[in-house]
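S.K.: I'd like to ask you about the structure that follows.
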Amino acid sequence: MVSTLFTIFAVLAVLSALLVVVNPLSRNPVTSAMFLVTTMISISGLFVLLDAYFLAAVQILVYAGAVMVLFLFVIMLLDVQETARRKLRVVSLAMGLLAVSALFGVYKSSIEATYEKYGLDSHTLEQAEKSEVVVGSTEALGQGLFSNVNGFILPFEIVSILLLVAMIGAIILSKKELH
């Protein structure tokens with residue numbers, strides 16, 4: 001049952017993420033934003049399957065809720081119109097496929113390197129499933145993010161500064177000139 005739900009949520013997340021970027025039905029940015037909401041809800045479903053209920057709730061409240069309202073507000077404020085379809089060039093398609101293949105190769109090799117570095121195989125993964133560590137608990141999340149043992153505190157602060165800079169940039173770009 002869990003593997004079936006995982007497959008459904010994963011396929012839905014990947015398909016809706018693709019439809020955000022390459023939507024054959026409409027070139028309207030609002031449609032892309034709605035597919036992005038579908039992606040976020042699917043990812044929160046994956047978090048629920050991992051027993052990470054807090055992360056699932058945050059995913060829906062923050063990303064599917066607040067961030068998407070912000071995106072739609074900016075789209076409506078800027079009055080973005082539906083763009084005309086351009087003719088697809090063979091060179092662009094080939095370069096896109098090459099880039100996706102290269103990214104997939106990097107992803108696959110990094111997973112293999114991680115498995116090799118830590119000596120992981122299916123037996124150790126079965127043992128990890130039986131361990132007593134609660135992955136989805138908020139206490140484990142807080143300890144993992146904010147302790148100096150794992151080293152996630154610096155990237156967390158860098159991301160917060162990046163979000164602040166993006167917010168300031170959005171305000172500056174959307175601010176109209178007053179004459």
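Letters A, B, ... mark the chains of the structure tokens in the order given; residue numbers begin at 1 per chain; ligand numbers begin at 1, in order shown.
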Find the residues around A:Ile171 up to 12 Å (only C-alpha atoms counted), leave out those fewer than 6 positions away in its own chain, and share them as a list of chain:residue names.
M.R.: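 The contact residues come out as A:Leu70, A:Val74, A:Leu77, A:Leu164, A:Val165.
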S.K.: Excluding same-chain residues fewer than 5 positions from A:Ala57, what lies within 12 Å of it counting only C-alpha atoms, as a list in words?
M.R.: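 Skipping anything fewer than 5 positions along the chain leaves Met40, Ile41, Ile43, Ser44, Gly45, Leu46, Phe47, Val48, Asp51, Ala52, Val62, Tyr63, Ala64, Gly65, Gly136 and Thr138 of chain A.
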S.K.: Chain A: which residues are helix (DSSP H, G or I) by DSSP, as a ChimeraX atom specification?
M.R.: /A:2-21,29-49,53-78,90-118,122-129,138-146,153-174
S.K.: Find the residues around A:Val2 up to 10 Å (only C-alpha atoms counted), leave out those fewer than 5 positions away in its own chain, and share them as a short mmCIF file (atom, residue, chain, number, x, y, z; two decimals) with C-alpha atoms, in the first residue's frame.
M.R.:
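So the final result, stored in result.cif, reads:
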```cif
data_model
loop_
_atom_site.label_atom_id
_atom_site.label_comp_id
_atom_site.auth_asym_id
_atom_site.auth_seq_id
_atom_site.Cartn_x
_atom_site.Cartn_y
_atom_site.Cartn_z
CA THR A 7 4.52 5.71 -6.77
CA ILE A 8 1.35 7.75 -7.20
CA LEU A 46 5.63 11.97 0.17
CA LEU A 49 4.50 8.60 3.77
CA LEU A 50 7.83 9.17 5.53
#
```
S.K.: Check the smallest atom-to-atom distance from each of A:Leu162, A:Val67, A:Met167, A:Ala10 to A:Leu36 using only C-alpha atoms, then report the winner.
M.R.: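 Looking at the shortest contact to A:Leu36, the residue is A:Val67.
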S.K.: Tell me which of A:Val11, A:Leu55, A:Met1, A:Val22 sits closest to A:Thr38, counting only C-alpha atoms.
M.R.: A:Val11
S.K.: Quick one, how far is atom CA of A:Ile75 from atom CA of A:Gln59?
M.R.: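 That distance, rounded to one decimal, is 21.5 Å.
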S.K.: Counting only C-alpha atoms, which residue out of A:Ile60, A:Val106, A:Met68, A:Leu12 sits closest to A:Met34?
M.R.: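 Closest candidate: A:Met68.
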